[in-house]
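*Asks:* File protein_18.csv below, CSV, C-alpha atoms:
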```
chain,number,residue,atom,x,y,z
A,1,MET,CA,-146.7,-81.7,50.4
A,2,SER,CA,-143.5,-80.5,48.7
A,3,ASP,CA,-143.3,-77.0,47.3
A,4,ALA,CA,-143.3,-78.2,43.7
A,5,GLY,CA,-146.1,-80.6,44.4
A,6,MET,CA,-148.2,-77.8,46.0
A,7,LEU,CA,-147.6,-75.5,43.1
A,8,ALA,CA,-148.6,-78.2,40.6
A,9,GLU,CA,-151.7,-78.9,42.7
A,10,LEU,CA,-152.7,-75.2,42.8
A,11,GLY,CA,-152.2,-75.0,39.0
A,12,ARG,CA,-154.3,-78.1,38.4
A,13,GLN,CA,-157.1,-76.9,40.6
A,14,PHE,CA,-157.4,-73.4,39.2
A,15,THR,CA,-157.0,-74.5,35.6
A,16,VAL,CA,-160.2,-76.7,36.0
A,17,LEU,CA,-162.0,-73.9,37.9
A,18,SER,CA,-161.2,-71.4,35.1
A,19,LEU,CA,-163.5,-73.4,32.7
A,20,LEU,CA,-166.1,-73.9,35.4
A,21,SER,CA,-166.4,-70.2,36.4
A,22,ILE,CA,-169.7,-69.4,34.9
A,23,GLY,CA,-170.8,-65.9,35.9
A,24,GLY,CA,-167.3,-64.9,37.1
A,25,VAL,CA,-165.0,-66.0,39.9
A,26,ASN,CA,-167.2,-65.0,42.8
A,27,SER,CA,-169.4,-68.0,42.0
A,28,LEU,CA,-166.4,-70.3,42.5
A,29,ILE,CA,-166.0,-69.4,46.2
A,30,PRO,CA,-167.8,-72.5,47.6
A,31,GLU,CA,-165.6,-74.8,45.5
A,32,ILE,CA,-162.4,-73.0,46.2
A,33,HIS,CA,-163.2,-73.1,49.9
A,34,ARG,CA,-164.0,-76.8,49.7
A,35,GLN,CA,-160.7,-77.6,48.0
A,36,ILE,CA,-158.3,-75.2,49.9
A,37,VAL,CA,-159.8,-75.2,53.4
A,38,GLU,CA,-161.8,-78.4,53.7
A,39,LEU,CA,-159.9,-80.9,51.6
A,40,ARG,CA,-156.3,-79.6,51.8
A,41,GLY,CA,-156.4,-77.6,55.1
A,42,TRP,CA,-154.1,-75.0,53.5
A,43,MET,CA,-155.7,-72.2,55.6
A,44,THR,CA,-158.4,-71.8,58.2
A,45,ASP,CA,-161.9,-70.6,57.7
A,46,ALA,CA,-161.0,-67.2,59.2
A,47,GLN,CA,-158.0,-66.8,57.0
A,48,PHE,CA,-160.1,-67.7,53.9
A,49,SER,CA,-162.8,-65.2,54.7
A,50,GLU,CA,-160.2,-62.5,55.6
A,51,LEU,CA,-158.3,-63.0,52.3
A,52,PHE,CA,-161.6,-62.7,50.5
A,53,ALA,CA,-162.3,-59.4,52.3
A,54,ILE,CA,-158.9,-58.1,51.3
A,55,SER,CA,-159.6,-58.9,47.7
A,56,GLN,CA,-162.9,-57.0,47.9
A,57,ALA,CA,-161.2,-54.0,49.5
A,58,ALA,CA,-158.3,-53.9,47.0
A,59,PRO,CA,-158.6,-52.0,43.7
A,60,GLY,CA,-158.9,-54.0,40.6
A,61,PRO,CA,-160.8,-57.0,39.3
A,62,ASN,CA,-162.3,-59.2,41.9
A,63,PHE,CA,-160.8,-62.5,40.6
A,64,LEU,CA,-157.6,-61.4,42.5
A,65,ILE,CA,-158.9,-63.5,45.4
A,66,VAL,CA,-157.4,-66.3,43.5
A,67,THR,CA,-154.0,-64.6,43.3
A,68,LEU,CA,-154.2,-63.9,47.0
A,69,ILE,CA,-154.9,-67.5,47.9
A,70,GLY,CA,-152.0,-68.6,45.7
A,71,PHE,CA,-149.7,-66.1,47.5
A,72,PHE,CA,-150.9,-67.2,51.0
A,73,VAL,CA,-150.4,-70.9,50.2
A,74,ALA,CA,-147.2,-70.8,48.2
A,75,GLY,CA,-145.7,-67.3,48.1
A,76,LEU,CA,-145.0,-65.4,44.9
A,77,PRO,CA,-144.7,-68.5,42.7
A,78,GLY,CA,-148.1,-69.6,44.0
A,79,ALA,CA,-149.6,-66.2,43.2
A,80,VAL,CA,-148.3,-66.3,39.6
A,81,ILE,CA,-149.5,-69.9,39.1
A,82,THR,CA,-153.0,-69.4,40.4
A,83,THR,CA,-153.4,-66.2,38.4
A,84,VAL,CA,-152.3,-67.8,35.2
A,85,ALA,CA,-154.3,-70.9,35.8
A,86,ILE,CA,-157.6,-69.1,36.5
A,87,CYS,CA,-157.1,-66.9,33.4
A,88,ALA,CA,-155.4,-68.9,30.7
A,89,PRO,CA,-158.0,-71.6,29.8
A,90,SER,CA,-160.9,-69.3,29.8
A,91,SER,CA,-158.9,-66.6,27.9
A,92,ALA,CA,-157.8,-69.2,25.3
A,93,LEU,CA,-161.5,-70.2,24.8
A,94,THR,CA,-162.6,-66.6,24.6
A,95,TYR,CA,-159.9,-65.8,22.0
A,96,ALA,CA,-160.9,-68.8,20.0
A,97,VAL,CA,-164.6,-68.1,19.8
A,98,ALA,CA,-164.6,-64.3,19.8
A,99,HIS,CA,-165.0,-63.9,16.1
A,100,LEU,CA,-167.9,-66.4,15.9
A,101,TRP,CA,-170.0,-64.4,18.4
A,102,ASP,CA,-171.5,-61.8,15.9
A,103,ARG,CA,-172.8,-64.6,13.8
A,104,PHE,CA,-174.9,-66.1,16.6
A,105,ARG,CA,-176.1,-62.8,18.1
A,106,GLU,CA,-179.8,-63.8,17.5
A,107,ALA,CA,-179.4,-67.5,17.6
A,108,ARG,CA,-181.9,-69.3,19.8
A,109,TRP,CA,-179.4,-71.7,21.3
A,110,ARG,CA,-177.5,-68.7,22.6
A,111,ILE,CA,-180.5,-67.4,24.4
A,112,VAL,CA,-181.4,-70.9,25.7
A,113,ILE,CA,-177.9,-71.3,27.2
A,114,GLN,CA,-178.0,-67.9,28.8
A,115,ARG,CA,-181.4,-68.6,30.4
A,116,ALA,CA,-180.1,-71.9,31.6
A,117,LEU,CA,-176.9,-70.7,33.1
A,118,ALA,CA,-178.4,-67.6,34.9
A,119,PRO,CA,-180.1,-69.5,37.7
A,120,LEU,CA,-177.1,-71.8,38.2
A,121,THR,CA,-175.0,-68.7,38.6
A,122,VAL,CA,-177.4,-67.2,41.1
A,123,GLY,CA,-177.5,-70.4,43.1
A,124,LEU,CA,-173.7,-70.5,43.3
A,125,MET,CA,-173.6,-66.8,44.3
A,126,PHE,CA,-175.9,-67.5,47.2
A,127,GLY,CA,-173.6,-70.4,48.0
A,128,SER,CA,-170.7,-68.0,48.1
A,129,GLY,CA,-172.5,-65.7,50.4
A,130,TYR,CA,-173.4,-68.7,52.7
A,131,VAL,CA,-169.9,-70.2,52.7
A,132,LEU,CA,-168.3,-66.8,53.5
A,133,THR,CA,-170.8,-66.1,56.3
A,134,ARG,CA,-170.2,-69.5,57.8
A,135,ALA,CA,-166.4,-69.0,57.6
A,136,SER,CA,-166.3,-65.5,59.0
A,137,ASP,CA,-169.2,-65.2,61.5
A,138,HIS,CA,-168.7,-66.6,64.9
A,139,SER,CA,-170.9,-64.3,67.0
A,140,ALA,CA,-174.3,-62.8,66.9
A,141,LEU,CA,-172.8,-59.4,66.3
A,142,ALA,CA,-170.8,-60.7,63.3
A,143,TYR,CA,-174.0,-62.1,61.8
A,144,ALA,CA,-175.6,-58.7,62.4
A,145,ILE,CA,-172.7,-57.0,60.5
A,146,THR,CA,-173.2,-59.4,57.6
A,147,ALA,CA,-176.9,-58.6,57.5
A,148,VAL,CA,-176.6,-54.9,57.8
A,149,SER,CA,-173.8,-54.9,55.2
A,150,ALA,CA,-176.1,-56.8,52.7
A,151,ALA,CA,-179.0,-54.5,53.4
A,152,THR,CA,-176.9,-51.4,53.0
A,153,MET,CA,-175.7,-52.5,49.6
A,154,LEU,CA,-179.2,-53.4,48.5
A,155,TRP,CA,-181.2,-50.4,49.7
A,156,THR,CA,-178.8,-47.5,50.0
A,157,ARG,CA,-176.1,-45.9,47.9
A,158,VAL,CA,-173.3,-46.3,50.4
A,159,HIS,CA,-170.0,-47.3,48.8
A,160,PRO,CA,-168.9,-50.9,49.6
A,161,LEU,CA,-165.6,-49.6,50.9
A,162,ALA,CA,-167.4,-47.5,53.4
A,163,ALA,CA,-169.3,-50.5,54.7
A,164,LEU,CA,-166.0,-52.5,55.0
A,165,ALA,CA,-164.3,-49.6,56.8
A,166,VAL,CA,-167.1,-49.2,59.4
A,167,ALA,CA,-167.0,-53.0,60.0
A,168,ALA,CA,-163.2,-52.9,60.4
A,169,ALA,CA,-163.5,-50.1,63.0
A,170,LEU,CA,-166.2,-52.0,64.8
A,171,GLY,CA,-164.2,-55.2,64.8
A,172,ALA,CA,-161.0,-53.4,66.0
A,173,THR,CA,-162.9,-52.4,69.2
A,174,GLY,CA,-162.8,-56.1,70.0
A,175,VAL,CA,-166.6,-56.6,70.3
A,176,LEU,CA,-166.8,-59.5,67.9
B,1,MET,CA,-158.2,-60.6,12.7
B,2,VAL,CA,-161.8,-59.6,12.2
B,3,PRO,CA,-162.3,-56.4,10.2
B,4,LEU,CA,-163.8,-53.6,12.2
B,5,PRO,CA,-167.5,-53.2,11.7
B,6,ALA,CA,-168.4,-49.8,10.2
B,7,ALA,CA,-168.6,-47.4,13.1
B,8,PRO,CA,-171.7,-45.2,13.4
B,9,GLY,CA,-171.1,-41.5,14.1
B,10,PRO,CA,-167.7,-39.9,14.4
B,11,ALA,CA,-164.7,-42.3,13.7
B,12,LEU,CA,-163.7,-44.5,16.5
B,13,VAL,CA,-160.0,-44.8,17.5
B,14,VAL,CA,-157.9,-47.8,16.6
B,15,PRO,CA,-155.4,-48.4,19.4
B,16,SER,CA,-151.9,-49.6,19.1
B,17,ARG,CA,-150.7,-52.4,21.4
B,18,ARG,CA,-149.0,-49.9,23.6
B,19,ALA,CA,-152.3,-48.0,23.9
B,20,LEU,CA,-154.1,-51.3,24.7
B,21,PHE,CA,-151.7,-51.9,27.5
B,22,PHE,CA,-152.0,-48.4,29.1
B,23,GLY,CA,-155.7,-48.2,28.5
B,24,PHE,CA,-156.3,-51.4,30.5
B,25,LEU,CA,-153.7,-50.4,33.0
B,26,LYS,CA,-155.9,-47.5,33.9
B,27,VAL,CA,-159.0,-49.7,34.1
B,28,GLY,CA,-157.2,-52.1,36.4
B,29,VAL,CA,-156.7,-49.7,39.2
B,30,SER,CA,-159.9,-47.8,38.7
B,31,GLY,CA,-162.5,-49.7,40.6
B,32,PHE,CA,-163.0,-51.6,43.9
B,33,GLY,CA,-164.6,-55.0,43.9
B,34,GLY,CA,-165.3,-54.9,40.1
B,35,VAL,CA,-164.0,-52.7,37.4
B,36,MET,CA,-166.5,-53.2,34.6
B,37,PRO,CA,-168.1,-49.7,34.8
B,38,PHE,CA,-164.6,-48.2,34.4
B,39,ALA,CA,-163.9,-50.5,31.4
B,40,HIS,CA,-167.1,-49.2,29.8
B,41,ARG,CA,-166.1,-45.6,30.5
B,42,MET,CA,-162.6,-46.1,29.0
B,43,LEU,CA,-163.6,-48.1,26.0
B,44,VAL,CA,-166.7,-46.2,24.9
B,45,GLU,CA,-166.4,-42.7,26.3
B,46,GLN,CA,-162.8,-41.8,26.8
B,47,ALA,CA,-160.5,-43.8,24.5
B,48,ARG,CA,-163.4,-44.4,22.0
B,49,TRP,CA,-162.2,-47.8,20.8
B,50,LEU,CA,-165.7,-49.2,20.8
B,51,ALA,CA,-169.2,-47.9,20.0
B,52,GLU,CA,-171.8,-48.4,22.8
B,53,SER,CA,-173.5,-51.3,20.9
B,54,GLU,CA,-170.1,-53.0,20.3
B,55,PHE,CA,-169.4,-52.8,24.0
B,56,VAL,CA,-172.7,-54.4,24.8
B,57,ASP,CA,-171.9,-57.2,22.4
B,58,VAL,CA,-168.4,-57.8,23.8
B,59,LEU,CA,-169.8,-57.8,27.4
B,60,SER,CA,-172.6,-60.3,26.6
B,61,LEU,CA,-170.0,-62.6,25.0
B,62,CYS,CA,-167.7,-62.2,28.0
B,63,GLN,CA,-170.4,-62.9,30.5
B,64,PHE,CA,-171.5,-65.9,28.5
B,65,LEU,CA,-168.1,-67.5,28.5
B,66,PRO,CA,-166.4,-68.9,31.6
B,67,GLY,CA,-163.6,-66.9,33.2
B,68,PRO,CA,-163.3,-63.6,34.9
B,69,ASN,CA,-165.5,-61.3,32.8
B,70,ILE,CA,-163.1,-58.3,32.7
B,71,VAL,CA,-160.2,-60.6,31.6
B,72,ASN,CA,-162.4,-61.8,28.8
B,73,VAL,CA,-163.1,-58.2,27.8
B,74,SER,CA,-159.4,-57.5,27.7
B,75,ILE,CA,-158.8,-60.6,25.5
B,76,VAL,CA,-161.6,-59.7,23.0
B,77,VAL,CA,-160.7,-56.1,22.7
B,78,GLY,CA,-157.0,-56.8,22.5
B,79,ARG,CA,-157.6,-59.4,19.9
B,80,ARG,CA,-159.8,-57.2,17.8
B,81,PHE,CA,-157.2,-54.5,17.5
B,82,GLY,CA,-153.9,-56.3,17.8
B,83,GLY,CA,-154.3,-60.0,17.3
B,84,PRO,CA,-152.5,-62.3,19.8
B,85,GLY,CA,-150.0,-59.5,20.8
B,86,GLY,CA,-152.9,-57.1,21.4
B,87,ALA,CA,-154.7,-59.6,23.6
B,88,VAL,CA,-151.5,-60.2,25.6
B,89,ALA,CA,-150.9,-56.4,25.9
B,90,ALA,CA,-154.5,-55.7,27.1
B,91,PHE,CA,-154.5,-58.6,29.5
B,92,THR,CA,-151.1,-57.7,31.1
B,93,GLY,CA,-152.0,-54.1,31.3
B,94,LEU,CA,-155.2,-55.0,33.1
B,95,ILE,CA,-153.6,-57.2,35.8
B,96,PHE,CA,-150.2,-55.6,36.2
B,97,MET,CA,-151.0,-53.0,38.9
B,98,PRO,CA,-153.8,-55.0,40.7
B,99,PHE,CA,-151.4,-58.0,40.9
B,100,LEU,CA,-148.7,-55.9,42.5
B,101,ILE,CA,-151.1,-54.3,44.9
B,102,ILE,CA,-152.7,-57.6,46.0
B,103,ILE,CA,-149.3,-59.1,46.6
B,104,ALA,CA,-148.3,-56.1,48.8
B,105,LEU,CA,-151.6,-56.5,50.7
B,106,GLY,CA,-151.1,-60.3,51.0
B,107,ALA,CA,-147.6,-59.7,52.3
B,108,ALA,CA,-148.9,-57.2,54.9
B,109,TYR,CA,-151.6,-59.7,55.9
B,110,THR,CA,-149.1,-62.5,56.5
B,111,THR,CA,-146.8,-60.2,58.5
B,112,PHE,CA,-149.4,-58.2,60.5
B,113,GLY,CA,-152.5,-60.3,60.3
B,114,GLN,CA,-152.1,-62.0,63.6
B,115,LEU,CA,-151.6,-58.8,65.7
B,116,PRO,CA,-154.5,-58.5,68.2
B,117,HIS,CA,-156.3,-55.4,67.0
B,118,VAL,CA,-155.6,-56.2,63.3
B,119,ARG,CA,-157.0,-59.7,63.8
B,120,GLU,CA,-160.2,-58.3,65.3
B,121,ALA,CA,-160.6,-55.6,62.6
B,122,PHE,CA,-160.3,-58.3,60.0
B,123,ALA,CA,-163.1,-60.3,61.7
B,124,GLY,CA,-165.3,-57.2,61.1
B,125,VAL,CA,-164.3,-56.7,57.5
B,126,ALA,CA,-164.8,-60.4,56.7
B,127,ALA,CA,-168.3,-60.3,58.1
B,128,ALA,CA,-169.1,-57.3,56.0
B,129,ALA,CA,-167.6,-58.7,52.9
B,130,ALA,CA,-169.8,-61.8,53.2
B,131,GLY,CA,-172.8,-59.3,53.3
B,132,LEU,CA,-171.6,-57.7,50.0
B,133,VAL,CA,-171.7,-61.1,48.3
B,134,ILE,CA,-175.2,-61.8,49.6
B,135,ALA,CA,-176.4,-58.5,48.3
B,136,MET,CA,-174.8,-59.3,44.9
B,137,ALA,CA,-176.6,-62.6,44.8
B,138,MET,CA,-179.9,-61.0,45.6
B,139,ARG,CA,-179.5,-58.4,42.9
B,140,MET,CA,-178.7,-61.1,40.4
B,141,ALA,CA,-181.7,-63.1,41.5
B,142,ARG,CA,-184.2,-60.4,40.9
B,143,PRO,CA,-184.7,-60.9,37.2
B,144,LEU,CA,-185.3,-64.7,37.8
B,145,ARG,CA,-188.1,-64.4,40.3
B,146,SER,CA,-191.0,-64.6,37.9
B,147,THR,CA,-189.8,-67.9,36.3
B,148,ALA,CA,-190.5,-70.9,38.5
B,149,TRP,CA,-188.1,-73.3,37.0
B,150,GLN,CA,-185.2,-70.8,37.3
B,151,VAL,CA,-186.0,-70.3,41.0
B,152,GLY,CA,-186.0,-74.1,41.4
B,153,ILE,CA,-182.6,-74.6,39.6
B,154,ALA,CA,-181.1,-71.8,41.7
B,155,MET,CA,-182.3,-73.4,44.9
B,156,VAL,CA,-181.1,-76.8,43.9
B,157,ALA,CA,-177.7,-75.4,42.9
B,158,PHE,CA,-177.4,-73.6,46.3
B,159,VAL,CA,-178.3,-76.7,48.3
B,160,ALA,CA,-175.9,-78.9,46.4
B,161,ILE,CA,-172.9,-76.5,46.5
B,162,ALA,CA,-173.4,-74.8,49.9
B,163,LEU,CA,-175.2,-77.3,52.1
B,164,LEU,CA,-174.3,-80.7,50.7
B,165,ARG,CA,-170.8,-79.4,49.6
B,166,TRP,CA,-170.8,-81.4,46.4
B,167,PRO,CA,-167.9,-80.7,44.0
B,168,LEU,CA,-168.8,-77.9,41.5
B,169,LEU,CA,-168.0,-80.1,38.5
B,170,TRP,CA,-170.6,-82.7,39.5
B,171,VAL,CA,-173.2,-80.0,40.3
B,172,LEU,CA,-172.7,-78.4,36.9
B,173,LEU,CA,-172.7,-81.7,35.0
B,174,GLY,CA,-175.9,-82.7,36.8
B,175,LEU,CA,-177.8,-79.4,36.7
B,176,ALA,CA,-176.7,-77.8,33.5
B,177,PRO,CA,-178.4,-80.4,31.2
B,178,VAL,CA,-181.7,-80.1,33.2
B,179,ALA,CA,-181.5,-76.3,33.0
B,180,LEU,CA,-180.8,-76.4,29.3
B,181,LEU,CA,-183.8,-78.7,28.8
B,182,LEU,CA,-186.1,-76.5,30.7
B,183,ALA,CA,-184.8,-73.4,28.9
B,184,ALA,CA,-185.2,-75.1,25.5
B,185,ARG,CA,-188.9,-75.9,26.3
B,186,GLU,CA,-189.7,-72.3,26.8
B,187,LYS,CA,-191.6,-70.5,24.1
B,188,PRO,CA,-189.3,-68.1,22.2
B,189,PRO,CA,-190.2,-64.5,23.1
```
Please lay out the structure from this file as structure tokens.
*Replies:*
Amino acid sequence: MSDAGMLAELGRQFTVLSLLSIGGVNSLIPEIHRQIVELRGWMTDAQFSELFAISQAAPGPNFLIVTLIGFFVAGLPGAVITTVAICAPSSALTYAVAHLWDRFREARWRIVIQRALAPLTVGLMFGSGYVLTRASDHSALAYAITAVSAATMLWTRVHPLAALAVAAALGATGVL
Amino acid sequence: MVPLPAAPGPALVVPSRRALFFGFLKVGVSGFGGVMPFAHRMLVEQARWLAESEFVDVLSLCQFLPGPNIVNVSIVVGRRFGGPGGAVAAFTGLIFMPFLIIIALGAAYTTFGQLPHVREAFAGVAAAAAGLVIAMAMRMARPLRSTAWQVGIAMVAFVAIALLRWPLLWVLLGLAPVALLLAAREKPP
């Protein structure tokens, strides 16, 4: 695919995803993986999961995984295009409806939509966890790291960065 | 522009566009893997642009709408105080530094990512990052546990997106109407 074609394709994909991102960008991971890794073959499973890990370890909003994917696939222009594409449609919608919100604070349809979308978001988030585990774990020890990391976040107050750093050190010893 | 609602307690501050840019600039580099707690601290406690109740309203709107939640917050707050220019100022402030940092990290990854020890360290980080997401999903799932239909919708969504690998658009178009119907049949609290 030509550079221009690739940029156009990235822009098209993430423009659509912007409006489908209920519950934030982390719930889009299975779909992004499907399009970028499975359909287009623009990166490997390992690269996808590593870029995701970088985006989690970097300061700032977690939607920057999208910026990183754009950068990896098509350099700086790719990063700009994916960032704008994931933000612009949803931001335009937000801008347009922001002033209507107060009026519907107690509206029943608002509560109905929220109650309906919540389980969808949760299902997609588990999907993200599943896809990332499949993409990154190729040994029993890697699965153990994933499990311990999840348990640590749920039941201790350890900072996520500390968990990532310990896992990096463990990985660097070459045991995975 | 929507007029500011009467603020309870001591007067809140009305930021300029420049202040919006720099306020969100600070938020952008404050947190790791999510900056919303820092946005709350800046908006409500430090800069005092929003009352607590206003922040809760803004946040619920921004979680309700599609898109990155923190980006939506920057748009709503920027719009409230500075119209289109305010929204642009807040948004660019928010992503300016994180964008540069992530590009630097991306460049380092493409340059050094294939070195033997780096490659192995990344395998470890990636495995742990997957665990972070699973923990996030489990935390989000807790409030739903007592409602059978919500558990069912979550499971069907998971199977469709993760196991069957169906396109997200189809999954949402298929499941959202069912979920809406089930939610609408509930008795109002």
*Asks:* Would you write out, as JSON lines, a table of all residues in chain B that have an atom no more than 7 Å from an atom of chain A, listing for each the closest atom pair and the distance in Å to one decimal, considering all atoms listed in the file and ordering rows by chain and rising residue number?
*Replies:*
```
{"residue": "B:Val2", "atom": "CA", "partner": "A:His99", "partner_atom": "CA", "distance": 6.6}
{"residue": "B:Gly28", "atom": "CA", "partner": "A:Gly60", "partner_atom": "CA", "distance": 4.9}
{"residue": "B:Val29", "atom": "CA", "partner": "A:Gly60", "partner_atom": "CA", "distance": 5.0}
{"residue": "B:Ser30", "atom": "CA", "partner": "A:Gly60", "partner_atom": "CA", "distance": 6.6}
{"residue": "B:Gly31", "atom": "CA", "partner": "A:Pro59", "partner_atom": "CA", "distance": 5.5}
{"residue": "B:Phe32", "atom": "CA", "partner": "A:Pro59", "partner_atom": "CA", "distance": 4.4}
{"residue": "B:Gly33", "atom": "CA", "partner": "A:Gln56", "partner_atom": "CA", "distance": 4.8}
{"residue": "B:Gly34", "atom": "CA", "partner": "A:Pro61", "partner_atom": "CA", "distance": 5.0}
{"residue": "B:Val35", "atom": "CA", "partner": "A:Pro61", "partner_atom": "CA", "distance": 5.7}
{"residue": "B:Leu61", "atom": "CA", "partner": "A:Trp101", "partner_atom": "CA", "distance": 6.8}
{"residue": "B:Gln63", "atom": "CA", "partner": "A:Gly23", "partner_atom": "CA", "distance": 6.2}
{"residue": "B:Phe64", "atom": "CA", "partner": "A:Gln114", "partner_atom": "CA", "distance": 6.8}
{"residue": "B:Leu65", "atom": "CA", "partner": "A:Thr94", "partner_atom": "CA", "distance": 6.8}
{"residue": "B:Pro66", "atom": "CA", "partner": "A:Ile22", "partner_atom": "CA", "distance": 4.7}
{"residue": "B:Gly67", "atom": "CA", "partner": "A:Ser90", "partner_atom": "CA", "distance": 5.0}
{"residue": "B:Pro68", "atom": "CA", "partner": "A:Gly24", "partner_atom": "CA", "distance": 4.7}
{"residue": "B:Asn69", "atom": "CA", "partner": "A:Gly24", "partner_atom": "CA", "distance": 5.9}
{"residue": "B:Asn72", "atom": "CA", "partner": "A:Ser91", "partner_atom": "CA", "distance": 6.0}
{"residue": "B:Ile75", "atom": "CA", "partner": "A:Tyr95", "partner_atom": "CA", "distance": 6.4}
{"residue": "B:Val76", "atom": "CA", "partner": "A:Ala98", "partner_atom": "CA", "distance": 6.4}
{"residue": "B:Pro98", "atom": "CA", "partner": "A:Gly60", "partner_atom": "CA", "distance": 5.2}
{"residue": "B:Ile102", "atom": "CA", "partner": "A:Leu68", "partner_atom": "CA", "distance": 6.6}
{"residue": "B:Ile103", "atom": "CA", "partner": "A:Leu68", "partner_atom": "CA", "distance": 6.9}
{"residue": "B:Gly106", "atom": "CA", "partner": "A:Leu68", "partner_atom": "CA", "distance": 6.2}
{"residue": "B:His117", "atom": "CA", "partner": "A:Ala172", "partner_atom": "CA", "distance": 5.2}
{"residue": "B:Val118", "atom": "CA", "partner": "A:Ala172", "partner_atom": "CA", "distance": 6.7}
{"residue": "B:Glu120", "atom": "CA", "partner": "A:Ala172", "partner_atom": "CA", "distance": 5.0}
{"residue": "B:Ala121", "atom": "CA", "partner": "A:Ala172", "partner_atom": "CA", "distance": 4.1}
{"residue": "B:Phe122", "atom": "CA", "partner": "A:Glu50", "partner_atom": "CA", "distance": 6.1}
{"residue": "B:Ala123", "atom": "CA", "partner": "A:Gly171", "partner_atom": "CA", "distance": 6.1}
{"residue": "B:Gly124", "atom": "CA", "partner": "A:Gly171", "partner_atom": "CA", "distance": 4.3}
{"residue": "B:Val125", "atom": "CA", "partner": "A:Ala168", "partner_atom": "CA", "distance": 4.9}
{"residue": "B:Ala126", "atom": "CA", "partner": "A:Ala53", "partner_atom": "CA", "distance": 5.2}
{"residue": "B:Ala127", "atom": "CA", "partner": "A:Thr146", "partner_atom": "CA", "distance": 5.0}
{"residue": "B:Ala128", "atom": "CA", "partner": "A:Thr146", "partner_atom": "CA", "distance": 4.9}
{"residue": "B:Ala129", "atom": "CA", "partner": "A:Ala53", "partner_atom": "CA", "distance": 5.4}
{"residue": "B:Ala130", "atom": "CA", "partner": "A:Leu132", "partner_atom": "CA", "distance": 5.2}
{"residue": "B:Gly131", "atom": "CA", "partner": "A:Ala150", "partner_atom": "CA", "distance": 4.2}
{"residue": "B:Leu132", "atom": "CA", "partner": "A:Ala150", "partner_atom": "CA", "distance": 5.3}
{"residue": "B:Val133", "atom": "CA", "partner": "A:Gly129", "partner_atom": "CA", "distance": 5.1}
{"residue": "B:Ile134", "atom": "CA", "partner": "A:Gly129", "partner_atom": "CA", "distance": 4.8}
{"residue": "B:Ala135", "atom": "CA", "partner": "A:Ala150", "partner_atom": "CA", "distance": 4.7}
{"residue": "B:Ala137", "atom": "CA", "partner": "A:Met125", "partner_atom": "CA", "distance": 5.2}
{"residue": "B:Met140", "atom": "CA", "partner": "A:Val122", "partner_atom": "CA", "distance": 6.3}
{"residue": "B:Ala141", "atom": "CA", "partner": "A:Val122", "partner_atom": "CA", "distance": 6.0}
{"residue": "B:Gln150", "atom": "CA", "partner": "A:Pro119", "partner_atom": "CA", "distance": 5.3}
{"residue": "B:Val151", "atom": "CA", "partner": "A:Pro119", "partner_atom": "CA", "distance": 6.8}
{"residue": "B:Ile153", "atom": "CA", "partner": "A:Pro119", "partner_atom": "CA", "distance": 6.0}
{"residue": "B:Ala154", "atom": "CA", "partner": "A:Gly123", "partner_atom": "CA", "distance": 4.1}
{"residue": "B:Met155", "atom": "CA", "partner": "A:Gly123", "partner_atom": "CA", "distance": 5.9}
{"residue": "B:Ala157", "atom": "CA", "partner": "A:Gly123", "partner_atom": "CA", "distance": 5.0}
{"residue": "B:Phe158", "atom": "CA", "partner": "A:Gly123", "partner_atom": "CA", "distance": 4.5}
{"residue": "B:Ile161", "atom": "CA", "partner": "A:Gly127", "partner_atom": "CA", "distance": 6.3}
{"residue": "B:Ala162", "atom": "CA", "partner": "A:Gly127", "partner_atom": "CA", "distance": 4.8}
{"residue": "B:Pro167", "atom": "CA", "partner": "A:Glu31", "partner_atom": "CA", "distance": 6.5}
{"residue": "B:Leu168", "atom": "CA", "partner": "A:Glu31", "partner_atom": "CA", "distance": 6.0}
{"residue": "B:Ala179", "atom": "CA", "partner": "A:Ala116", "partner_atom": "CA", "distance": 4.8}
{"residue": "B:Leu180", "atom": "CA", "partner": "A:Ala116", "partner_atom": "CA", "distance": 5.1}
{"residue": "B:Ala183", "atom": "CA", "partner": "A:Val112", "partner_atom": "CA", "distance": 5.3}
{"residue": "B:Ala184", "atom": "CA", "partner": "A:Val112", "partner_atom": "CA", "distance": 5.7}
```
*Asks:* Distance CA of Trp166 in chain B-CA of Leu39 in chain A, one decimal place?
*Replies:* 12.1 Å
*Asks:* May I ask for the distance between CA of Phe91 in chain B and CA of Phe24 in chain B, given in Å to one decimal place?
*Replies:*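 If I compute the distance from CA of Phe91 in chain B to CA of Phe24 in chain B, I get 7.5 Å.
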*Asks:* Counting only C-alpha atoms, which of A:Asp45, A:Ser139, A:Ile36, A:Leu10 gets nearest to Ile81 in chain A?
*Replies:*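 So, comparing all the options, the nearest one is A:Leu10.
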*Asks:* Show which residues sit within 9 Å of Gly78 in chain B, as a list in words. Count only C-alpha atoms, and ignore same-chain residues fewer than 3 positions away.
*Replies:*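 My reading of the contact set: Arg17, Leu20, Phe21, Val73, Ser74, Ile75, Phe81, Gly82, Gly83, Pro84, Gly85, Gly86, Ala87, Val88, Ala89, Ala90 and Phe91 of chain B.
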*Asks:* Could you check how far CA of Gly93 in chain B sits from CA of Glu45 in chain B, in Å to one decimal?
*Replies:*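 That distance, rounded to one decimal, is 19.0 Å.
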